[in-house]
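Q: My structure is in final.cif, and what it holds is mmCIF, C-alpha atoms and all ligand atoms:
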data_structure
#
loop_
_atom_site.label_atom_id
_atom_site.label_comp_id
_atom_site.auth_asym_id
_atom_site.auth_seq_id
_atom_site.Cartn_x
_atom_site.Cartn_y
_atom_site.Cartn_z
CA MET A 1 54.70 99.82 138.35
CA ARG A 2 52.93 96.43 138.21
CA GLU A 3 54.13 95.89 134.65
CA ALA A 4 57.72 96.87 135.53
CA PRO A 5 60.30 94.12 135.06
CA ILE A 6 61.98 91.92 137.67
CA GLY A 7 65.78 92.02 137.88
CA VAL A 8 67.57 88.71 138.38
CA PHE A 9 71.32 88.11 138.56
CA ASP A 10 73.96 85.47 139.17
CA SER A 11 77.71 85.16 138.73
CA GLY A 12 76.92 83.49 135.41
CA VAL A 13 74.38 81.23 133.76
CA GLY A 14 73.46 79.26 136.91
CA GLY A 15 70.67 81.65 137.82
CA LEU A 16 68.90 80.66 134.60
CA SER A 17 67.78 77.57 136.54
CA VAL A 18 65.97 79.97 138.89
CA LEU A 19 64.75 82.22 136.06
CA ALA A 20 63.02 79.18 134.54
CA GLU A 21 61.10 78.59 137.80
CA ILE A 22 60.11 82.28 137.94
CA LYS A 23 58.89 82.15 134.36
CA ARG A 24 56.92 78.97 135.06
CA LEU A 25 55.17 80.40 138.15
CA LEU A 26 54.86 84.01 136.98
CA PRO A 27 54.43 83.92 133.19
CA ASN A 28 53.06 87.48 133.07
CA GLU A 29 56.23 89.00 134.47
CA SER A 30 58.88 90.65 132.27
CA LEU A 31 62.35 89.42 133.21
CA LEU A 32 65.79 91.04 133.08
CA TYR A 33 68.83 88.83 133.76
CA VAL A 34 72.47 89.75 134.30
CA ALA A 35 75.11 87.01 134.13
CA ASP A 36 78.30 88.38 135.66
CA CYS A 37 80.28 85.86 133.59
CA GLY A 38 83.34 88.13 133.47
CA ASN A 39 83.70 87.54 137.22
CA ILE A 40 82.98 83.82 137.69
CA PRO A 41 83.41 81.99 139.93
CA TYR A 42 81.95 84.03 142.80
CA GLY A 43 82.55 80.93 144.92
CA GLU A 44 86.28 81.61 145.02
CA LYS A 45 86.03 85.43 145.45
CA THR A 46 86.11 87.43 148.68
CA PRO A 47 82.81 88.48 150.30
CA GLU A 48 83.89 92.15 149.83
CA PHE A 49 84.28 91.68 146.08
CA ILE A 50 80.87 89.96 145.84
CA ARG A 51 79.18 92.68 147.91
CA GLN A 52 80.57 95.27 145.54
CA ARG A 53 79.21 93.34 142.52
CA CYS A 54 75.83 93.05 144.28
CA SER A 55 75.63 96.86 144.58
CA VAL A 56 76.60 97.28 140.91
CA MET A 57 73.76 94.92 139.96
CA ALA A 58 71.26 96.64 142.24
CA GLU A 59 72.08 100.09 140.82
CA PHE A 60 71.77 98.75 137.30
CA PHE A 61 68.34 97.24 137.97
CA VAL A 62 67.14 100.43 139.67
CA LYS A 63 68.05 102.30 136.46
CA GLN A 64 66.17 99.68 134.44
CA GLY A 65 63.08 100.42 136.54
CA ALA A 66 62.90 96.94 138.10
CA LYS A 67 60.16 96.47 140.72
CA ALA A 68 61.95 93.61 142.50
CA LEU A 69 65.38 92.01 142.70
CA VAL A 70 66.27 88.32 142.81
CA LEU A 71 69.74 87.10 143.78
CA ALA A 72 69.70 83.86 141.82
CA CYS A 73 72.95 82.87 143.47
CA ASN A 74 73.59 81.28 146.87
CA THR A 75 77.12 82.71 147.05
CA ALA A 76 75.98 86.28 146.34
CA THR A 77 73.15 85.91 148.86
CA VAL A 78 75.33 84.82 151.77
CA ALA A 79 77.78 87.66 151.04
CA GLY A 80 75.51 90.47 149.93
CA VAL A 81 71.78 90.22 150.63
CA ALA A 82 71.91 91.86 154.07
CA ASP A 83 73.63 94.98 152.67
CA LEU A 84 71.21 95.19 149.76
CA ARG A 85 68.20 94.96 152.09
CA ARG A 86 69.71 97.74 154.21
CA ASP A 87 70.45 99.94 151.15
CA TYR A 88 67.11 99.34 149.37
CA PRO A 89 64.59 98.92 152.20
CA GLN A 90 61.53 99.53 150.03
CA TRP A 91 62.48 97.04 147.32
CA PRO A 92 61.28 93.43 147.42
CA ILE A 93 64.56 91.45 147.41
CA VAL A 94 64.64 87.66 147.23
CA GLY A 95 67.83 85.77 148.02
CA MET A 96 68.52 82.07 148.26
CA GLU A 97 70.27 79.64 150.57
CA PRO A 98 70.97 75.89 150.40
CA ALA A 99 67.79 73.97 151.27
CA VAL A 100 68.94 72.65 154.66
CA LYS A 101 65.51 72.87 156.28
CA PRO A 102 63.58 70.80 153.69
CA ALA A 103 66.47 68.35 153.40
CA ALA A 104 66.57 67.80 157.17
CA ALA A 105 62.82 67.15 157.08
CA ALA A 106 63.09 64.75 154.13
CA THR A 107 66.07 62.56 155.04
CA ARG A 108 65.35 59.01 156.23
CA SER A 109 68.98 57.96 156.70
CA GLY A 110 69.66 61.05 158.83
CA VAL A 111 72.60 62.02 156.60
CA VAL A 112 72.31 64.97 154.22
CA GLY A 113 74.91 66.08 151.67
CA VAL A 114 75.46 69.64 150.48
CA LEU A 115 77.15 70.44 147.19
CA ALA A 116 77.90 74.18 147.05
CA THR A 117 80.64 76.70 146.41
CA THR A 118 83.53 77.26 148.81
CA GLY A 119 82.19 80.78 149.53
CA THR A 120 78.75 79.52 150.51
CA LEU A 121 80.03 76.70 152.71
CA GLN A 122 82.50 78.96 154.52
CA SER A 123 79.97 81.71 155.25
CA ALA A 124 78.58 82.58 158.66
CA LYS A 125 75.10 82.54 157.14
CA PHE A 126 75.48 78.88 156.16
CA ALA A 127 76.82 78.01 159.64
CA ALA A 128 73.75 79.69 161.14
CA LEU A 129 71.50 77.71 158.79
CA LEU A 130 73.05 74.44 160.02
CA ASP A 131 72.72 75.50 163.68
CA ARG A 132 69.08 76.29 163.15
CA PHE A 133 67.84 73.47 160.96
CA ALA A 134 70.32 70.58 160.96
CA ILE A 135 69.14 69.24 164.28
CA ASP A 136 69.52 65.47 164.72
CA VAL A 137 70.88 65.27 161.19
CA ARG A 138 74.44 64.72 160.03
CA VAL A 139 75.42 67.14 157.27
CA ILE A 140 78.33 66.39 154.94
CA THR A 141 79.44 69.48 153.01
CA GLN A 142 81.36 69.33 149.76
CA PRO A 143 82.76 72.37 147.93
CA CYS A 144 82.90 71.80 144.17
CA PRO A 145 85.59 74.00 142.59
CA GLY A 146 85.74 73.68 138.81
CA LEU A 147 82.12 72.64 138.22
CA VAL A 148 80.85 76.16 137.58
CA GLU A 149 83.54 76.82 134.97
CA LEU A 150 82.57 73.69 133.02
CA ILE A 151 78.86 74.54 133.11
CA GLU A 152 79.67 78.09 131.99
CA ALA A 153 81.44 76.56 128.99
CA GLY A 154 78.18 74.74 128.14
CA ASP A 155 79.49 71.35 129.34
CA LEU A 156 76.74 69.37 131.09
CA HIS A 157 77.99 65.79 130.56
CA SER A 158 81.58 65.39 129.30
CA PRO A 159 83.81 62.62 130.74
CA ALA A 160 85.91 65.32 132.49
CA LEU A 161 82.81 66.76 134.16
CA ARG A 162 81.61 63.29 135.17
CA GLN A 163 84.99 62.52 136.72
CA LEU A 164 85.07 65.76 138.70
CA LEU A 165 81.51 65.20 139.91
CA HIS A 166 82.28 61.59 140.84
CA GLY A 167 85.04 62.82 143.19
CA TYR A 168 82.62 65.28 144.83
CA LEU A 169 79.81 62.73 145.21
CA GLU A 170 81.94 59.93 146.60
CA PRO A 171 82.30 61.22 150.21
CA LEU A 172 78.55 61.98 150.34
CA LEU A 173 77.56 58.54 149.12
CA ALA A 174 80.13 56.82 151.36
CA ALA A 175 78.63 58.62 154.37
CA GLY A 176 75.14 57.30 153.55
CA CYS A 177 73.46 60.51 152.35
CA ASP A 178 69.95 59.88 151.00
CA THR A 179 69.29 63.58 150.33
CA ILE A 180 71.65 65.85 148.43
CA ILE A 181 71.23 69.61 148.42
CA LEU A 182 72.24 71.39 145.22
CA GLY A 183 73.42 74.56 146.96
CA CYS A 184 74.56 76.44 143.87
CA THR A 185 72.23 77.55 141.09
CA HIS A 186 74.50 76.13 138.41
CA TYR A 187 74.10 72.56 139.67
CA PRO A 188 70.42 71.90 138.76
CA PHE A 189 71.66 71.84 135.14
CA LEU A 190 73.59 68.70 136.11
CA LYS A 191 70.51 66.87 137.40
CA PRO A 192 70.24 64.48 134.41
CA LEU A 193 73.91 63.47 134.85
CA LEU A 194 73.64 63.32 138.65
CA LYS A 195 70.64 61.01 138.41
CA GLN A 196 72.72 58.59 136.34
CA MET A 197 75.41 58.64 139.02
CA ILE A 198 73.33 58.07 142.18
CA ALA A 199 70.83 55.44 143.33
CA ASP A 200 67.12 56.02 142.58
CA ASP A 201 66.25 56.47 146.26
CA ILE A 202 68.58 59.44 146.76
CA SER A 203 66.80 62.78 146.35
CA LEU A 204 68.24 65.97 144.93
CA ILE A 205 66.89 69.20 146.42
CA ASP A 206 67.30 72.72 145.06
CA THR A 207 65.61 76.00 145.86
CA GLY A 208 64.67 77.50 142.48
CA ALA A 209 60.93 76.79 142.87
CA ALA A 210 60.91 78.10 146.46
CA VAL A 211 62.53 81.34 145.29
CA ALA A 212 59.81 81.78 142.66
CA ARG A 213 57.12 81.19 145.33
CA GLN A 214 58.73 83.73 147.68
CA LEU A 215 58.90 86.27 144.84
CA HIS A 216 55.22 85.64 144.12
CA ARG A 217 54.37 86.22 147.81
CA LEU A 218 56.31 89.48 148.04
CA LEU A 219 54.81 90.86 144.82
CA ALA A 220 51.28 89.80 145.81
CA GLU A 221 51.60 91.46 149.25
CA ARG A 222 52.59 94.73 147.60
CA GLU A 223 49.98 94.39 144.80
CA LEU A 224 52.78 94.32 142.28
CA LEU A 225 51.87 91.20 140.27
CA ALA A 226 51.82 91.97 136.53
CA SER A 227 48.72 91.22 134.53
CA GLY A 228 50.76 90.71 131.35
CA PRO A 229 51.42 89.98 128.62
CA SER A 230 55.12 89.85 129.52
CA ARG A 231 57.80 91.40 127.34
CA GLU A 232 60.61 89.25 125.91
CA ALA A 233 63.35 88.46 128.45
CA GLN A 234 66.51 90.58 128.23
CA PHE A 235 69.95 89.23 129.10
CA TRP A 236 73.24 90.93 129.81
CA THR A 237 76.65 89.38 130.32
CA SER A 238 79.90 90.89 131.55
CA ALA A 239 81.84 88.44 129.31
CA SER A 240 81.24 87.64 125.63
CA PRO A 241 77.62 88.14 124.46
CA GLU A 242 78.42 85.79 121.57
CA HIS A 243 79.24 82.99 124.01
CA LEU A 244 76.04 83.54 125.99
CA ARG A 245 74.01 83.60 122.75
CA ASN A 246 75.57 80.25 121.84
CA ILE A 247 74.88 78.44 125.11
CA LEU A 248 71.54 80.10 125.98
CA PRO A 249 69.42 77.57 124.00
CA LEU A 250 70.94 74.80 126.16
CA LEU A 251 69.93 76.49 129.42
CA TRP A 252 66.85 78.60 128.68
CA SER A 253 63.75 77.51 126.83
CA GLY A 254 62.44 80.96 125.92
CA SER A 255 63.75 83.59 123.57
CA GLY A 256 65.63 86.72 124.61
CA VAL A 257 68.01 89.44 123.52
CA VAL A 258 71.63 89.29 124.79
CA GLN A 259 73.61 92.47 125.36
CA GLU A 260 76.98 93.34 126.86
CA PHE A 261 77.08 94.41 130.52
CA LEU A 262 79.79 97.00 130.84
CA LEU A 263 79.69 97.91 134.55
N1 LIG B 301 75.63 80.13 140.98
C1 LIG B 301 76.29 80.54 142.14
C2 LIG B 301 75.64 80.01 143.42
O1 LIG B 301 74.47 79.76 143.45
C3 LIG B 301 77.77 80.63 142.25
C4 LIG B 301 78.67 80.12 141.21
C5 LIG B 301 80.04 80.73 141.27
O2 LIG B 301 80.90 80.26 142.03
O3 LIG B 301 80.23 81.71 140.53
O4 LIG B 301 76.29 79.88 144.43
#
Please express the file's structure as structure tokens.
Ligand code: DGL
A:
Amino acid sequence: MREAPIGVFDSGVGGLSVLAEIKRLLPNESLLYVADCGNIPYGEKTPEFIRQRCSVMAEFFVKQGAKALVLACNTATVAGVADLRRDYPQWPIVGMEPAVKPAAAATRSGVVGVLATTGTLQSAKFAALLDRFAIDVRVITQPCPGLVELIEAGDLHSPALRQLLHGYLEPLLAAGCDTIILGCTHYPFLKPLLKQMIADDISLIDTGAAVARQLHRLLAERELLASGPSREAQFWTSASPEHLRNILPLLWSGSGVVQEFLL
């Protein structure tokens, strides 16, 4: 069981930003990744639809013999993690949420920006996160429709992307945000471009590394940490495997086999 793989999924390639943190912290683990690219963007889908995709993913990873599940997607977590934890009580399941708590602790201007999907920002879970942690802090939220589609196409810095991003950043910068939460796992891939577009003293916060640490904790508690060596990562996509093979080198530093996900 210790050498069993870990199942990770996202609506698309965004979760690869989380997979990289898992690989860095837990190099002995064998990783399976499903990109539900045929159904992007989750951010504009109903919570019911996303919950149904979460169960499809969970069943798939059970069949693959995964010892743990990671929802490398904020939108899937707010919609589906509670149901998955109810349906698979014995399974270590790690979800992710925008980093409101660390951002509220880090801000000096008292104004925090959140870039995330419409689905995440409209969820009750996100509202609860603000109630709990955004005390004495002003939070400016900005949904970013269209960004995920460009990143999925392998675009990390075109003029069209820059223009879209500029429109999303403007209200945050005008409000005096000194801390910006990247509340969607696709957005860390835009960090190099974002850094060109904001002042040096504005910090960008994402939760990939925290997810890897939480996964480590849950596996350690259950004595499930692999001793290695890990097997090559395996990838599945519900859209074109050819497309994922083409853009994978841009987003993932390791090797891996890409297959079609037919569920
Ligand atoms: N990567 C996902 C997240 O973290 C969602 C992207 C999408 O809208 O499909 O929220």
Q: Taking only C-alpha atoms and all ligand atoms and a cut-off of 6 Å, can you tell me which residues surround ligand LIG 301 (chain B), written as a list in words?
A: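 Those residues are Asp10, Ser11, Gly14, Ile40, Pro41, Tyr42, Gly43, Cys73, Asn74, Thr75, Thr117, Val148, Cys184, Thr185 and His186 of chain A.
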Q: List every residue of range 27-56 of chain A that has an atom at most 12 Å from any atom of range 247-256 of chain A, and for each one report the closest atom pair and its distance in Å to one decimal, counting only C-alpha atoms, with rows sorted by chain and then by increasing residue number, as a tab-separated table.
A:
residue	atom	partner	partner_atom	distance
A:Pro27	CA	A:Gly254	CA	11.2
A:Ser30	CA	A:Gly256	CA	10.9
A:Leu31	CA	A:Gly256	CA	9.6
A:Leu32	CA	A:Gly256	CA	9.5
A:Tyr33	CA	A:Gly256	CA	9.9
A:Ala35	CA	A:Leu248	CA	11.3
Q: Hey, what's within 8 Å of Ala134 in chain A if we count only C-alpha atoms and toss same-chain stuff fewer than 3 positions away? As a list of chain:residue names, please?
A: A:Val100, A:Lys101, A:Ala104, A:Leu129, A:Leu130, A:Asp131, A:Val137, A:Arg138, A:Val139
Q: Grab the CA of Gly154 in chain A to CA of Ser17 in chain A distance for me, in Å with one decimal place.
A: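 Separating CA of Gly154 in chain A from CA of Ser17 in chain A is a distance of 13.7 Å.
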Q: I'd like the contact shell of Pro188 in chain A - 10 Å cut-off, all atoms listed in the file, skipping same-chain residues fewer than 3 positions apart - returned as a ChimeraX atom specification.
A: /A:14-18,181-185,191-194,204-208
Q: Which residue is closest to Lys67 in chain A? Choose from A:Leu218, A:Asp36, A:Pro159, A:Lys195 and count only C-alpha atoms.
A: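 Selected residue with least distance to Lys67 in chain A: A:Leu218.
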Q: Please measure the separation of CA of Leu215 in chain A and CA of Lys63 in chain A, giving the value in Å to one decimal.
A: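 About the pair CA of Leu215 in chain A and CA of Lys63 in chain A: they are 20.3 Å apart.
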Q: One decimal, in Å: what's the spacing between CA of Ser240 in chain A and CA of Cys144 in chain A?
A: 24.4 Å
Q: Identify which of the residues A:Arg108, A:His243, A:Arg132, A:Arg162 lies closest to Cys37 in chain A, counting all atoms listed in the file when measuring atom-to-atom distances.
A: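 Looking only at the distances to Cys37 in chain A, the closest residue turns out to be A:His243.
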Q: Skip Asp83 in chain A itself and residues of its chain fewer than 5 positions away, then list as JSON, numbers by chain all residues within 12 Å of it, counting only C-alpha atoms.
A: {"A": [47, 48, 50, 51, 52, 53, 54, 55, 58, 76, 77, 78, 88, 89, 93, 95]}
Q: Could you name the residues that touch Tyr168 in chain A at 8 Å or less, counting all atoms listed in the file, but leaving out those on the same chain fewer than 4 positions away, as a ChimeraX atom specification?
A: /A:115,142-144,164,172
Q: Counting only C-alpha atoms, which of A:Ala226, A:Ile135, A:Val114, A:Val13 gets nearest to Asn39 in chain A?
A: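 That would be A:Val13, the residue with the smallest distance to Asn39 in chain A.
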Q: Could the centre and edge lengths of an axis-aligned box, enclosing all atoms of range 164-178 of chain A in the file with 4 Å extra on each side, be given in Å to one decimal as JSON?
A:
{"center_x": 77.5, "center_y": 61.3, "center_z": 146.5, "size_x": 23.1, "size_y": 16.9, "size_z": 23.7}
Q: Could you add all heavy atoms to range 223-234 of chain A and give me the result as an mmCIF file, in the coordinates of the input?
A:
data_model
loop_
_atom_site.group_PDB
_atom_site.id
_atom_site.type_symbol
_atom_site.label_atom_id
_atom_site.label_comp_id
_atom_site.auth_asym_id
_atom_site.auth_seq_id
_atom_site.Cartn_x
_atom_site.Cartn_y
_atom_site.Cartn_z
ATOM 1 N N GLU A 223 50.845 94.205 145.977
ATOM 2 C CA GLU A 223 49.980 94.390 144.800
ATOM 3 C C GLU A 223 50.798 94.769 143.582
ATOM 4 O O GLU A 223 50.491 95.734 142.870
ATOM 5 C CB GLU A 223 48.905 95.437 145.107
ATOM 6 C CG GLU A 223 48.054 94.984 146.270
ATOM 7 C CD GLU A 223 46.811 95.831 146.479
ATOM 8 O OE1 GLU A 223 46.689 96.850 145.802
ATOM 9 O OE2 GLU A 223 45.997 95.431 147.309
ATOM 10 N N LEU A 224 51.872 94.017 143.381
ATOM 11 C CA LEU A 224 52.780 94.320 142.280
ATOM 12 C C LEU A 224 52.791 93.223 141.199
ATOM 13 O O LEU A 224 53.651 93.230 140.315
ATOM 14 C CB LEU A 224 54.211 94.493 142.811
ATOM 15 C CG LEU A 224 54.544 95.832 143.462
ATOM 16 C CD1 LEU A 224 55.957 95.820 144.039
ATOM 17 C CD2 LEU A 224 54.396 96.972 142.459
ATOM 18 N N LEU A 225 51.864 92.268 141.285
ATOM 19 C CA LEU A 225 51.870 91.200 140.270
ATOM 20 C C LEU A 225 51.419 91.764 138.922
ATOM 21 O O LEU A 225 50.417 92.484 138.845
ATOM 22 C CB LEU A 225 50.938 90.060 140.696
ATOM 23 C CG LEU A 225 51.461 89.164 141.818
ATOM 24 C CD1 LEU A 225 50.336 88.286 142.367
ATOM 25 C CD2 LEU A 225 52.628 88.305 141.339
ATOM 26 N N ALA A 226 52.152 91.453 137.870
ATOM 27 C CA ALA A 226 51.820 91.970 136.530
ATOM 28 C C ALA A 226 50.606 91.230 135.970
ATOM 29 O O ALA A 226 50.401 90.052 136.264
ATOM 30 C CB ALA A 226 53.016 91.765 135.600
ATOM 31 N N SER A 227 49.820 91.951 135.158
ATOM 32 C CA SER A 227 48.720 91.220 134.530
ATOM 33 C C SER A 227 49.091 90.760 133.123
ATOM 34 O O SER A 227 48.352 90.018 132.496
ATOM 35 C CB SER A 227 47.449 92.072 134.522
ATOM 36 O OG SER A 227 47.773 93.388 134.262
ATOM 37 N N GLY A 228 50.250 91.208 132.628
ATOM 38 C CA GLY A 228 50.760 90.710 131.350
ATOM 39 C C GLY A 228 50.133 91.407 130.168
ATOM 40 O O GLY A 228 49.316 92.311 130.355
ATOM 41 N N PRO A 229 50.436 91.021 128.931
ATOM 42 C CA PRO A 229 51.420 89.980 128.620
ATOM 43 C C PRO A 229 52.844 90.437 128.908
ATOM 44 O O PRO A 229 53.123 91.637 128.886
ATOM 45 C CB PRO A 229 51.220 89.758 127.106
ATOM 46 C CG PRO A 229 50.682 91.054 126.590
ATOM 47 C CD PRO A 229 49.881 91.657 127.705
ATOM 48 N N SER A 230 53.733 89.489 129.193
ATOM 49 C CA SER A 230 55.120 89.850 129.520
ATOM 50 C C SER A 230 55.865 90.265 128.262
ATOM 51 O O SER A 230 55.489 89.878 127.151
ATOM 52 C CB SER A 230 55.812 88.660 130.156
ATOM 53 O OG SER A 230 55.857 87.593 129.239
ATOM 54 N N ARG A 231 56.926 91.060 128.470
ATOM 55 C CA ARG A 231 57.800 91.400 127.340
ATOM 56 C C ARG A 231 58.887 90.324 127.239
ATOM 57 O O ARG A 231 59.115 89.580 128.199
ATOM 58 C CB ARG A 231 58.428 92.776 127.555
ATOM 59 C CG ARG A 231 57.380 93.897 127.539
ATOM 60 C CD ARG A 231 58.000 95.258 127.728
ATOM 61 N NE ARG A 231 58.538 95.457 129.067
ATOM 62 C CZ ARG A 231 57.801 95.748 130.153
ATOM 63 N NH1 ARG A 231 56.481 95.844 130.067
ATOM 64 N NH2 ARG A 231 58.380 95.944 131.323
ATOM 65 N N GLU A 232 59.553 90.252 126.094
ATOM 66 C CA GLU A 232 60.610 89.250 125.910
ATOM 67 C C GLU A 232 61.728 89.449 126.943
ATOM 68 O O GLU A 232 62.060 90.600 127.261
ATOM 69 C CB GLU A 232 61.192 89.418 124.495
ATOM 70 C CG GLU A 232 62.141 88.321 124.115
ATOM 71 C CD GLU A 232 62.677 88.488 122.689
ATOM 72 O OE1 GLU A 232 63.006 89.623 122.275
ATOM 73 O OE2 GLU A 232 62.780 87.457 122.003
ATOM 74 N N ALA A 233 62.274 88.358 127.446
ATOM 75 C CA ALA A 233 63.350 88.460 128.450
ATOM 76 C C ALA A 233 64.569 89.152 127.841
ATOM 77 O O ALA A 233 64.852 89.014 126.651
ATOM 78 C CB ALA A 233 63.740 87.064 128.920
ATOM 79 N N GLN A 234 65.275 89.928 128.692
ATOM 80 C CA GLN A 234 66.510 90.580 128.230
ATOM 81 C C GLN A 234 67.661 90.062 129.072
ATOM 82 O O GLN A 234 67.543 89.960 130.291
ATOM 83 C CB GLN A 234 66.413 92.078 128.433
ATOM 84 C CG GLN A 234 65.418 92.754 127.525
ATOM 85 C CD GLN A 234 65.563 94.268 127.673
ATOM 86 O OE1 GLN A 234 66.587 94.845 127.341
ATOM 87 N NE2 GLN A 234 64.534 94.890 128.213
#
